[in-house]
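The file query-v7.tsv contains TSV, N, CA and C atoms:
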```tsv
chain	number	residue	atom	x	y	z
A	786	MET	N	-51.99	110.33	173.47
A	786	MET	CA	-51.89	110.28	172.02
A	786	MET	C	-50.55	110.86	171.56
A	787	LYS	N	-49.97	110.25	170.58
A	787	LYS	CA	-48.72	110.74	170.00
A	787	LYS	C	-48.98	111.98	169.14
A	788	ILE	N	-47.95	112.81	169.00
A	788	ILE	CA	-48.06	114.05	168.22
A	788	ILE	C	-48.57	113.76	166.81
A	789	LYS	N	-47.99	112.78	166.15
A	789	LYS	CA	-48.37	112.47	164.76
A	789	LYS	C	-49.85	112.10	164.67
A	790	GLU	N	-50.35	111.34	165.65
A	790	GLU	CA	-51.76	110.94	165.66
A	790	GLU	C	-52.67	112.16	165.82
A	791	ILE	N	-52.27	113.07	166.68
A	791	ILE	CA	-53.06	114.29	166.89
A	791	ILE	C	-53.07	115.12	165.61
A	792	GLN	N	-51.92	115.24	164.97
A	792	GLN	CA	-51.83	116.00	163.72
A	792	GLN	C	-52.72	115.38	162.65
A	793	GLU	N	-52.71	114.06	162.54
A	793	GLU	CA	-53.56	113.39	161.55
A	793	GLU	C	-55.04	113.62	161.85
A	794	GLU	N	-55.39	113.64	163.13
A	794	GLU	CA	-56.76	113.92	163.55
A	794	GLU	C	-57.17	115.34	163.11
A	795	ILE	N	-56.26	116.30	163.28
A	795	ILE	CA	-56.53	117.69	162.88
A	795	ILE	C	-56.69	117.78	161.36
A	796	ILE	N	-55.83	117.10	160.61
A	796	ILE	CA	-55.92	117.09	159.15
A	796	ILE	C	-57.27	116.53	158.71
A	797	ASP	N	-57.68	115.42	159.32
A	797	ASP	CA	-58.99	114.83	159.01
A	797	ASP	C	-60.12	115.80	159.33
A	798	GLU	N	-60.03	116.43	160.48
A	798	GLU	CA	-61.05	117.39	160.92
A	798	GLU	C	-61.21	118.51	159.91
A	799	PHE	N	-60.10	119.09	159.48
A	799	PHE	CA	-60.15	120.22	158.56
A	799	PHE	C	-60.61	119.80	157.16
A	800	SER	N	-60.44	118.52	156.82
A	800	SER	CA	-60.86	118.06	155.49
A	800	SER	C	-62.39	118.03	155.34
A	801	PHE	N	-63.11	118.07	156.46
A	801	PHE	CA	-64.57	118.07	156.41
A	801	PHE	C	-65.14	119.40	155.92
A	802	PHE	N	-64.35	120.45	156.00
A	802	PHE	CA	-64.84	121.79	155.65
A	802	PHE	C	-64.58	122.09	154.19
A	803	ASP	N	-65.59	122.66	153.55
A	803	ASP	CA	-65.51	122.96	152.11
A	803	ASP	C	-64.72	124.22	151.80
A	804	ASP	N	-64.77	125.20	152.68
A	804	ASP	CA	-64.08	126.45	152.37
A	804	ASP	C	-63.41	127.01	153.63
A	805	TRP	N	-62.64	128.07	153.42
A	805	TRP	CA	-61.87	128.62	154.52
A	805	TRP	C	-62.71	129.40	155.52
A	806	MET	N	-63.87	129.88	155.13
A	806	MET	CA	-64.73	130.55	156.12
A	806	MET	C	-65.15	129.53	157.18
A	807	GLN	N	-65.49	128.31	156.74
A	807	GLN	CA	-65.86	127.26	157.69
A	807	GLN	C	-64.66	126.86	158.57
A	808	ARG	N	-63.50	126.83	157.97
A	808	ARG	CA	-62.29	126.48	158.73
A	808	ARG	C	-61.96	127.56	159.77
A	809	TYR	N	-62.13	128.82	159.38
A	809	TYR	CA	-61.91	129.90	160.34
A	809	TYR	C	-62.90	129.80	161.49
A	810	GLU	N	-64.16	129.51	161.17
A	810	GLU	CA	-65.18	129.35	162.22
A	810	GLU	C	-64.79	128.21	163.16
A	811	HIS	N	-64.28	127.13	162.59
A	811	HIS	CA	-63.83	126.00	163.40
A	811	HIS	C	-62.68	126.42	164.31
A	812	MET	N	-61.74	127.17	163.76
A	812	MET	CA	-60.60	127.63	164.56
A	812	MET	C	-61.06	128.56	165.69
A	813	ILE	N	-62.04	129.39	165.40
A	813	ILE	CA	-62.56	130.28	166.44
A	813	ILE	C	-63.20	129.46	167.56
A	814	SER	N	-63.93	128.40	167.19
A	814	SER	CA	-64.54	127.55	168.22
A	814	SER	C	-63.46	126.79	169.01
A	815	LEU	N	-62.38	126.39	168.33
A	815	LEU	CA	-61.26	125.74	169.04
A	815	LEU	C	-60.64	126.71	170.05
A	816	GLY	N	-60.55	127.96	169.64
A	816	GLY	CA	-59.97	128.99	170.53
A	816	GLY	C	-60.75	129.14	171.81
A	817	LYS	N	-62.05	128.87	171.75
A	817	LYS	CA	-62.88	129.00	172.95
A	817	LYS	C	-62.61	127.87	173.94
A	818	SER	N	-61.95	126.81	173.47
A	818	SER	CA	-61.69	125.67	174.36
A	818	SER	C	-60.22	125.59	174.80
A	819	VAL	N	-59.42	126.60	174.44
A	819	VAL	CA	-58.00	126.57	174.79
A	819	VAL	C	-57.84	126.57	176.32
A	820	PRO	N	-56.92	125.74	176.83
A	820	PRO	CA	-56.66	125.78	178.28
A	820	PRO	C	-56.08	127.15	178.64
A	821	LEU	N	-56.87	127.96	179.34
A	821	LEU	CA	-56.49	129.35	179.58
A	821	LEU	C	-55.36	129.51	180.59
A	822	ILE	N	-54.46	130.39	180.26
A	822	ILE	CA	-53.34	130.74	181.12
A	822	ILE	C	-53.89	131.46	182.35
A	823	ASP	N	-53.28	131.23	183.48
A	823	ASP	CA	-53.66	131.95	184.70
A	823	ASP	C	-53.31	133.43	184.48
A	824	GLU	N	-54.21	134.31	184.90
A	824	GLU	CA	-54.00	135.76	184.70
A	824	GLU	C	-52.64	136.22	185.23
A	825	LYS	N	-52.17	135.63	186.33
A	825	LYS	CA	-50.88	136.05	186.90
A	825	LYS	C	-49.70	135.73	185.98
A	826	ASN	N	-49.91	134.83	185.02
A	826	ASN	CA	-48.85	134.47	184.07
A	826	ASN	C	-48.94	135.23	182.75
A	827	LYS	N	-49.88	136.14	182.66
A	827	LYS	CA	-49.98	136.97	181.46
A	827	LYS	C	-48.99	138.12	181.59
A	828	THR	N	-47.73	137.77	181.53
A	828	THR	CA	-46.66	138.76	181.67
A	828	THR	C	-45.81	138.75	180.40
A	829	ASP	N	-44.94	139.73	180.31
A	829	ASP	CA	-44.04	139.81	179.15
A	829	ASP	C	-43.16	138.58	179.02
A	830	ASP	N	-42.89	137.89	180.15
A	830	ASP	CA	-42.06	136.69	180.12
A	830	ASP	C	-42.68	135.59	179.25
A	831	TYR	N	-44.01	135.56	179.18
A	831	TYR	CA	-44.70	134.50	178.45
A	831	TYR	C	-45.39	135.00	177.18
A	832	LEU	N	-45.13	136.25	176.83
A	832	LEU	CA	-45.67	136.84	175.62
A	832	LEU	C	-44.84	136.36	174.43
A	833	ILE	N	-45.50	135.90	173.38
A	833	ILE	CA	-44.79	135.42	172.20
A	833	ILE	C	-44.34	136.63	171.39
A	834	LYS	N	-43.05	136.73	171.18
A	834	LYS	CA	-42.50	137.84	170.39
A	834	LYS	C	-42.72	137.54	168.91
A	835	GLY	N	-43.04	138.55	168.13
A	835	GLY	CA	-43.19	138.37	166.69
A	835	GLY	C	-44.63	138.14	166.26
A	836	CYS	N	-45.57	138.25	167.20
A	836	CYS	CA	-46.99	138.10	166.86
A	836	CYS	C	-47.64	139.46	166.73
A	837	GLN	N	-48.52	139.58	165.78
A	837	GLN	CA	-49.28	140.82	165.57
A	837	GLN	C	-50.20	141.03	166.78
A	838	SER	N	-50.82	139.96	167.24
A	838	SER	CA	-51.71	140.00	168.40
A	838	SER	C	-50.90	139.66	169.64
A	839	LYS	N	-51.50	139.91	170.78
A	839	LYS	CA	-50.86	139.47	172.01
A	839	LYS	C	-51.20	138.00	172.23
A	840	VAL	N	-50.16	137.19	172.42
A	840	VAL	CA	-50.33	135.76	172.69
A	840	VAL	C	-49.39	135.39	173.82
A	841	TRP	N	-49.98	134.80	174.85
A	841	TRP	CA	-49.19	134.32	175.97
A	841	TRP	C	-49.26	132.80	175.99
A	842	VAL	N	-48.12	132.16	176.21
A	842	VAL	CA	-48.09	130.71	176.38
A	842	VAL	C	-47.26	130.42	177.63
A	843	PHE	N	-47.89	129.70	178.55
A	843	PHE	CA	-47.23	129.36	179.81
A	843	PHE	C	-46.95	127.86	179.85
A	844	PRO	N	-45.65	127.49	179.99
A	844	PRO	CA	-45.30	126.06	180.04
A	844	PRO	C	-45.13	125.59	181.49
A	845	GLU	N	-45.48	124.35	181.72
A	845	GLU	CA	-45.18	123.70	183.00
A	845	GLU	C	-44.61	122.33	182.66
A	846	PHE	N	-43.69	121.88	183.50
A	846	PHE	CA	-43.04	120.60	183.28
A	846	PHE	C	-43.33	119.70	184.47
A	847	LYS	N	-44.12	118.65	184.23
A	847	LYS	CA	-44.49	117.73	185.29
A	847	LYS	C	-44.38	116.31	184.78
A	848	ASP	N	-43.78	115.46	185.58
A	848	ASP	CA	-43.69	114.03	185.27
A	848	ASP	C	-43.13	113.76	183.87
A	849	GLY	N	-42.13	114.57	183.47
A	849	GLY	CA	-41.47	114.35	182.19
A	849	GLY	C	-42.23	114.85	180.98
A	850	ARG	N	-43.32	115.60	181.21
A	850	ARG	CA	-44.13	116.10	180.10
A	850	ARG	C	-44.31	117.61	180.21
A	851	VAL	N	-44.48	118.23	179.06
A	851	VAL	CA	-44.71	119.67	178.98
A	851	VAL	C	-46.21	119.92	178.88
A	852	TYR	N	-46.72	120.77	179.76
A	852	TYR	CA	-48.13	121.15	179.74
A	852	TYR	C	-48.21	122.64	179.44
A	853	LEU	N	-49.09	123.01	178.54
A	853	LEU	CA	-49.16	124.39	178.07
A	853	LEU	C	-50.55	124.97	178.28
A	854	THR	N	-50.57	126.24	178.70
A	854	THR	CA	-51.81	127.01	178.73
A	854	THR	C	-51.53	128.29	177.96
A	855	ALA	N	-52.58	128.94	177.47
A	855	ALA	CA	-52.36	130.11	176.62
A	855	ALA	C	-53.57	131.03	176.62
A	856	ASP	N	-53.37	132.18	176.00
A	856	ASP	CA	-54.47	133.10	175.74
A	856	ASP	C	-53.99	134.07	174.66
A	857	SER	N	-54.95	134.71	174.03
A	857	SER	CA	-54.65	135.73	173.02
A	857	SER	C	-55.76	136.76	173.04
A	858	ASP	N	-55.43	137.95	172.56
A	858	ASP	CA	-56.46	139.00	172.48
A	858	ASP	C	-57.17	138.99	171.13
A	859	ALA	N	-56.83	138.05	170.26
A	859	ALA	CA	-57.46	137.95	168.93
A	859	ALA	C	-58.06	136.56	168.76
A	860	ILE	N	-59.29	136.49	168.24
A	860	ILE	CA	-59.99	135.20	168.19
A	860	ILE	C	-59.36	134.20	167.23
A	861	ILE	N	-58.90	134.65	166.08
A	861	ILE	CA	-58.25	133.71	165.13
A	861	ILE	C	-56.94	133.21	165.73
A	862	THR	N	-56.18	134.12	166.31
A	862	THR	CA	-54.90	133.75	166.92
A	862	THR	C	-55.12	132.77	168.07
A	863	LYS	N	-56.19	132.98	168.82
A	863	LYS	CA	-56.51	132.06	169.91
A	863	LYS	C	-56.80	130.66	169.35
A	864	GLY	N	-57.43	130.60	168.19
A	864	GLY	CA	-57.68	129.32	167.53
A	864	GLY	C	-56.39	128.66	167.07
A	865	ILE	N	-55.48	129.46	166.55
A	865	ILE	CA	-54.18	128.94	166.10
A	865	ILE	C	-53.42	128.36	167.29
A	866	VAL	N	-53.37	129.12	168.37
A	866	VAL	CA	-52.63	128.64	169.54
A	866	VAL	C	-53.33	127.40	170.14
A	867	ALA	N	-54.66	127.34	170.03
A	867	ALA	CA	-55.38	126.15	170.52
A	867	ALA	C	-54.96	124.91	169.73
A	868	LEU	N	-54.78	125.05	168.42
A	868	LEU	CA	-54.30	123.93	167.60
A	868	LEU	C	-52.92	123.48	168.06
A	869	LEU	N	-52.04	124.44	168.27
A	869	LEU	CA	-50.67	124.12	168.68
A	869	LEU	C	-50.65	123.46	170.05
A	870	LEU	N	-51.47	123.95	170.98
A	870	LEU	CA	-51.52	123.34	172.31
A	870	LEU	C	-52.06	121.93	172.24
A	871	ARG	N	-53.03	121.73	171.38
A	871	ARG	CA	-53.59	120.39	171.20
A	871	ARG	C	-52.51	119.39	170.76
A	872	VAL	N	-51.62	119.86	169.89
A	872	VAL	CA	-50.55	119.01	169.37
A	872	VAL	C	-49.42	118.83	170.38
A	873	PHE	N	-48.99	119.93	171.02
A	873	PHE	CA	-47.75	119.89	171.79
A	873	PHE	C	-47.92	119.74	173.30
A	874	SER	N	-49.08	120.06	173.86
A	874	SER	CA	-49.25	119.94	175.30
A	874	SER	C	-49.37	118.47	175.69
A	875	ASN	N	-48.88	118.14	176.87
A	875	ASN	CA	-48.92	116.77	177.39
A	875	ASN	C	-48.02	115.84	176.57
A	876	GLN	N	-46.92	116.39	176.07
A	876	GLN	CA	-45.95	115.61	175.32
A	876	GLN	C	-44.58	115.74	176.00
A	877	THR	N	-43.67	114.83	175.67
A	877	THR	CA	-42.32	114.93	176.23
A	877	THR	C	-41.54	116.00	175.47
A	878	PRO	N	-40.55	116.60	176.13
A	878	PRO	CA	-39.73	117.59	175.42
A	878	PRO	C	-39.12	117.01	174.14
A	879	GLU	N	-38.63	115.79	174.22
A	879	GLU	CA	-38.01	115.16	173.05
A	879	GLU	C	-38.99	115.04	171.89
A	880	ASP	N	-40.22	114.61	172.18
A	880	ASP	CA	-41.22	114.48	171.12
A	880	ASP	C	-41.57	115.83	170.50
A	881	ILE	N	-41.62	116.87	171.34
A	881	ILE	CA	-41.90	118.23	170.82
A	881	ILE	C	-40.76	118.67	169.92
A	882	LEU	N	-39.54	118.47	170.37
A	882	LEU	CA	-38.37	118.89	169.58
A	882	LEU	C	-38.29	118.15	168.25
A	883	ASN	N	-38.68	116.89	168.23
A	883	ASN	CA	-38.60	116.08	167.01
A	883	ASN	C	-39.84	116.20	166.13
A	884	ALA	N	-40.84	116.91	166.61
A	884	ALA	CA	-42.11	116.98	165.87
A	884	ALA	C	-41.97	117.75	164.57
A	885	ASP	N	-42.59	117.20	163.58
A	885	ASP	CA	-42.70	117.82	162.26
A	885	ASP	C	-43.98	118.66	162.32
A	886	THR	N	-43.96	119.83	161.75
A	886	THR	CA	-45.16	120.67	161.77
A	886	THR	C	-45.79	120.80	160.38
A	887	SER	N	-45.56	119.82	159.54
A	887	SER	CA	-46.11	119.88	158.18
A	887	SER	C	-47.64	119.82	158.16
A	888	PHE	N	-48.26	119.39	159.27
A	888	PHE	CA	-49.73	119.36	159.31
A	888	PHE	C	-50.30	120.75	159.07
A	889	ILE	N	-49.56	121.79	159.44
A	889	ILE	CA	-50.01	123.18	159.23
A	889	ILE	C	-50.16	123.46	157.74
A	890	ASP	N	-49.18	122.99	156.95
A	890	ASP	CA	-49.26	123.16	155.50
A	890	ASP	C	-50.34	122.25	154.91
A	891	GLU	N	-50.48	121.05	155.48
A	891	GLU	CA	-51.46	120.10	154.94
A	891	GLU	C	-52.90	120.60	155.10
A	892	ILE	N	-53.16	121.34	156.18
A	892	ILE	CA	-54.52	121.89	156.33
A	892	ILE	C	-54.64	123.25	155.62
A	893	GLY	N	-53.52	123.74	155.07
A	893	GLY	CA	-53.54	124.99	154.31
A	893	GLY	C	-53.57	126.24	155.17
A	894	LEU	N	-53.22	126.09	156.43
A	894	LEU	CA	-53.33	127.22	157.35
A	894	LEU	C	-52.42	128.38	156.99
A	895	LYS	N	-51.14	128.09	156.81
A	895	LYS	CA	-50.19	129.18	156.60
A	895	LYS	C	-50.54	130.03	155.37
A	896	GLU	N	-51.00	129.37	154.31
A	896	GLU	CA	-51.30	130.12	153.08
A	896	GLU	C	-52.58	130.95	153.20
A	897	HIS	N	-53.39	130.69	154.24
A	897	HIS	CA	-54.62	131.46	154.43
A	897	HIS	C	-54.52	132.46	155.58
A	898	LEU	N	-53.30	132.72	156.01
A	898	LEU	CA	-53.08	133.73	157.03
A	898	LEU	C	-52.40	134.94	156.41
A	899	SER	N	-52.63	136.09	157.01
A	899	SER	CA	-51.91	137.28	156.56
A	899	SER	C	-50.43	137.04	156.85
A	900	PRO	N	-49.54	137.75	156.16
A	900	PRO	CA	-48.10	137.56	156.41
A	900	PRO	C	-47.72	137.76	157.88
A	901	THR	N	-48.34	138.75	158.53
A	901	THR	CA	-47.98	138.98	159.94
A	901	THR	C	-48.49	137.84	160.82
A	902	ARG	N	-49.67	137.29	160.53
A	902	ARG	CA	-50.18	136.15	161.31
A	902	ARG	C	-49.33	134.90	161.04
A	903	ALA	N	-48.91	134.70	159.79
A	903	ALA	CA	-48.06	133.56	159.45
A	903	ALA	C	-46.73	133.66	160.21
A	904	ASN	N	-46.18	134.87	160.30
A	904	ASN	CA	-44.94	135.07	161.08
A	904	ASN	C	-45.19	134.77	162.55
A	905	GLY	N	-46.36	135.17	163.04
A	905	GLY	CA	-46.71	134.89	164.43
A	905	GLY	C	-46.81	133.40	164.69
A	906	LEU	N	-47.38	132.66	163.75
A	906	LEU	CA	-47.48	131.20	163.86
A	906	LEU	C	-46.09	130.59	163.98
A	907	VAL	N	-45.17	131.03	163.14
A	907	VAL	CA	-43.79	130.54	163.19
A	907	VAL	C	-43.16	130.88	164.55
A	908	SER	N	-43.43	132.09	165.04
A	908	SER	CA	-42.90	132.51	166.35
A	908	SER	C	-43.46	131.64	167.47
A	909	MET	N	-44.75	131.29	167.39
A	909	MET	CA	-45.35	130.43	168.42
A	909	MET	C	-44.68	129.06	168.44
A	910	ILE	N	-44.51	128.47	167.26
A	910	ILE	CA	-43.89	127.14	167.17
A	910	ILE	C	-42.46	127.21	167.70
A	911	LYS	N	-41.74	128.24	167.31
A	911	LYS	CA	-40.36	128.41	167.76
A	911	LYS	C	-40.30	128.49	169.29
A	912	GLN	N	-41.21	129.26	169.89
A	912	GLN	CA	-41.21	129.41	171.34
A	912	GLN	C	-41.56	128.10	172.04
A	913	LEU	N	-42.51	127.35	171.51
A	913	LEU	CA	-42.88	126.06	172.10
A	913	LEU	C	-41.68	125.10	172.05
A	914	LYS	N	-40.95	125.14	170.95
A	914	LYS	CA	-39.76	124.28	170.83
A	914	LYS	C	-38.66	124.74	171.77
A	915	LEU	N	-38.55	126.05	171.99
A	915	LEU	CA	-37.55	126.56	172.95
A	915	LEU	C	-37.88	126.12	174.37
A	916	TYR	N	-39.18	126.15	174.73
A	916	TYR	CA	-39.58	125.64	176.04
A	916	TYR	C	-39.19	124.17	176.17
A	917	ALA	N	-39.48	123.39	175.13
A	917	ALA	CA	-39.16	121.96	175.15
A	917	ALA	C	-37.65	121.75	175.27
A	918	LEU	N	-36.88	122.55	174.58
A	918	LEU	CA	-35.41	122.46	174.64
A	918	LEU	C	-34.91	122.74	176.06
A	919	ALA	N	-35.48	123.75	176.70
A	919	ALA	CA	-35.08	124.08	178.07
A	919	ALA	C	-35.40	122.91	179.01
A	920	TYR	N	-36.57	122.30	178.86
A	920	TYR	CA	-36.93	121.18	179.72
A	920	TYR	C	-36.10	119.93	179.39
A	921	GLN	N	-35.79	119.75	178.12
A	921	GLN	CA	-34.96	118.60	177.71
A	921	GLN	C	-33.57	118.72	178.34
A	922	SER	N	-33.04	119.94	178.39
A	922	SER	CA	-31.70	120.13	178.96
A	922	SER	C	-31.71	119.87	180.47
A	923	GLN	N	-32.87	120.06	181.12
A	923	GLN	CA	-32.98	119.73	182.56
A	923	GLN	C	-32.90	118.22	182.77
A	924	LEU	N	-33.38	117.47	181.78
A	924	LEU	CA	-33.39	116.01	181.90
A	924	LEU	C	-32.00	115.41	181.68
A	925	ASN	N	-31.18	116.09	180.90
A	925	ASN	CA	-29.86	115.54	180.55
A	925	ASN	C	-28.82	115.80	181.63
```

For the structure just supplied, provide its representation as structure tokens.
Amino acid sequence: MKIKEIQEEIIDEFSFFDDWMQRYEHMISLGKSVPLIDEKNKTDDYLIKGCQSKVWVFPEFKDGRVYLTADSDAIITKGIVALLLRVFSNQTPEDILNADTSFIDEIGLKEHLSPTRANGLVSMIKQLKLYALAYQSQLN
């Protein structure tokens, strides 16, 4: 699936919920399905800087695609990272770099996060794009 299609699927999914408590519950359930990072990769090298909670994202590059696993010590944050992995994992570096992240605003996520969590979200996206940039430079 293309990034835009996945984002549209997420927007549709979130539109079914009437209020943010239901959306948070949905995000928590998404967090339970996140592809978990191997414990040996839970190191400072893969820790996202700028997050209130601890969030690790481990990238792998296989067959021209970026695959991501993650974990967090906070349930909401784990849900946020699960959304991002759903969008960006199993995509090409170029597609990740060119991806628009306006779906986050469309589902109202950023405005319903504390300022520190919103900063963490931006840090996660930035790090995922940096991983994609590193892999893209290997291809060139």

Margin query: DSSP on the backbone, alpha helix (DSSP H) only: what residues of chain A does that give? Format it as a PyMOL selection string.
Written below: chain A and resi 788-800+805-816+860-873+878-883+888-891+900-924

Check: Pick from A:Ser818, A:Gln792, A:Ser899, A:Gln837: nearest to Ala867 (chain A), with only C-alpha atoms counted?
Finding: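 Using only C-alpha atoms, the shortest distance to Ala867 (chain A) belongs to A:Ser818.
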
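Put simply, atom N of Trp805 (chain A) is 16.5 Å away from atom N of Ala903 (chain A).
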
Next item on the list: Could you give me the residues within region 805-918 of chain A that DSSP places in strand (DSSP E or B), as JSON, numbers by chain?
Entry: {"A": [821, 832, 840, 841, 842, 843, 844, 845, 846, 847, 850, 851, 852, 853, 854, 855, 856, 857, 876]}

Item checked: All residues 7 Å or closer to Phe888 (chain A), all atoms listed in the file, same chain fewer than 6 positions away omitted, as a ChimeraX atom specification -> /A:792-793,796,894

Take the selection from the previous step and output its residues with N, CA and C atoms, as a short mmCIF file (atom, residue, chain, number, x, y, z; two decimals), in the frame of the given file.
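What ended up in result31.cif:
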```cif
data_model
loop_
_atom_site.label_atom_id
_atom_site.label_comp_id
_atom_site.auth_asym_id
_atom_site.auth_seq_id
_atom_site.Cartn_x
_atom_site.Cartn_y
_atom_site.Cartn_z
N GLN A 792 -51.92 115.24 164.97
CA GLN A 792 -51.83 116.00 163.72
C GLN A 792 -52.72 115.38 162.65
N GLU A 793 -52.71 114.06 162.54
CA GLU A 793 -53.56 113.39 161.55
C GLU A 793 -55.04 113.62 161.85
N ILE A 796 -55.83 117.10 160.61
CA ILE A 796 -55.92 117.09 159.15
C ILE A 796 -57.27 116.53 158.71
N LEU A 894 -53.22 126.09 156.43
CA LEU A 894 -53.33 127.22 157.35
C LEU A 894 -52.42 128.38 156.99
#
```

Checklist line | Which of A:Leu815, A:Ile822, A:Ala859, A:Val851 sits closest to Tyr920 (chain A) [using only N, CA and C atoms] | finding: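 Distance minimum relative to Tyr920 (chain A) lands on A:Val851.
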
Item checked: Proximity to Asn875 (chain A) - best of A:Lys817, A:Arg850, A:Lys834, A:Arg808, only N, CA and C atoms -> A:Arg850

Checklist line | Residue contacts of Ile892 (chain A) (8 Å, all atoms listed in the file) excluding same-chain residues fewer than 4 positions away, as a VMD selection string | finding: chain A and resid 795 to 797 799 to 800 887 to 888 896 to 897

Would you mind exporting N, CA and C atoms of the selected residues as a short mmCIF file (atom, residue, chain, number, x, y, z; two decimals), in the coordinates of the input?
```
data_model
loop_
_atom_site.label_atom_id
_atom_site.label_comp_id
_atom_site.auth_asym_id
_atom_site.auth_seq_id
_atom_site.Cartn_x
_atom_site.Cartn_y
_atom_site.Cartn_z
N ILE A 795 -56.26 116.30 163.28
CA ILE A 795 -56.53 117.69 162.88
C ILE A 795 -56.69 117.78 161.36
N ILE A 796 -55.83 117.10 160.61
CA ILE A 796 -55.92 117.09 159.15
C ILE A 796 -57.27 116.53 158.71
N ASP A 797 -57.68 115.42 159.32
CA ASP A 797 -58.99 114.83 159.01
C ASP A 797 -60.12 115.80 159.33
N PHE A 799 -60.10 119.09 159.48
CA PHE A 799 -60.15 120.22 158.56
C PHE A 799 -60.61 119.80 157.16
N SER A 800 -60.44 118.52 156.82
CA SER A 800 -60.86 118.06 155.49
C SER A 800 -62.39 118.03 155.34
N SER A 887 -45.56 119.82 159.54
CA SER A 887 -46.11 119.88 158.18
C SER A 887 -47.64 119.82 158.16
N PHE A 888 -48.26 119.39 159.27
CA PHE A 888 -49.73 119.36 159.31
C PHE A 888 -50.30 120.75 159.07
N GLU A 896 -51.00 129.37 154.31
CA GLU A 896 -51.30 130.12 153.08
C GLU A 896 -52.58 130.95 153.20
N HIS A 897 -53.39 130.69 154.24
CA HIS A 897 -54.62 131.46 154.43
C HIS A 897 -54.52 132.46 155.58
#
```

Box along x, y and z, 6 Å on every side, all listed atoms of region 905-919 of chain A inside: centre and edge lengths in Å to one decimal, as lines of an AutoDock Vina configuration file.
```
center_x = -41.2
center_y = 128.5
center_z = 171.0
size_x = 24.6
size_y = 25.4
size_z = 28.0
```

Note to self: What's around Gly849 (chain A) at 6 Å? Count all atoms listed in the file, leave out sequence neighbours fewer than 5 positions away in its own chain, and write the answer as a list in words.
What the structure shows: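 Returned residues: Gln876, Thr877 and Pro878 of chain A.
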
Item checked: Atom pair CA of Leu832 (chain A) / CA of Asn925 (chain A): separation (Å) -> 27.0 Å

Item checked: Distance criterion (only C-alpha atoms): nearest to Tyr852 (chain A) out of A:Gln807, A:Met786, A:Arg902, A:Leu913 -> A:Leu913

Next item on the list: Tell me which protein, DNA and RNA residues are within 7 Å of Thr901 (chain A), counting only N, CA and C atoms, leaving out same-chain ones fewer than 4 positions away, and put them as a ChimeraX atom specification.
Entry: /A:835-837,905-906

With N, CA and C atoms retained, export the selected residues as a CSV table (one decimal), keeping the file's coordinate frame.
```
chain,number,residue,atom,x,y,z
A,835,GLY,N,-43.0,138.6,168.1
A,835,GLY,CA,-43.2,138.4,166.7
A,835,GLY,C,-44.6,138.1,166.3
A,836,CYS,N,-45.6,138.2,167.2
A,836,CYS,CA,-47.0,138.1,166.9
A,836,CYS,C,-47.6,139.5,166.7
A,837,GLN,N,-48.5,139.6,165.8
A,837,GLN,CA,-49.3,140.8,165.6
A,837,GLN,C,-50.2,141.0,166.8
A,905,GLY,N,-46.4,135.2,163.0
A,905,GLY,CA,-46.7,134.9,164.4
A,905,GLY,C,-46.8,133.4,164.7
A,906,LEU,N,-47.4,132.7,163.8
A,906,LEU,CA,-47.5,131.2,163.9
A,906,LEU,C,-46.1,130.6,164.0
```
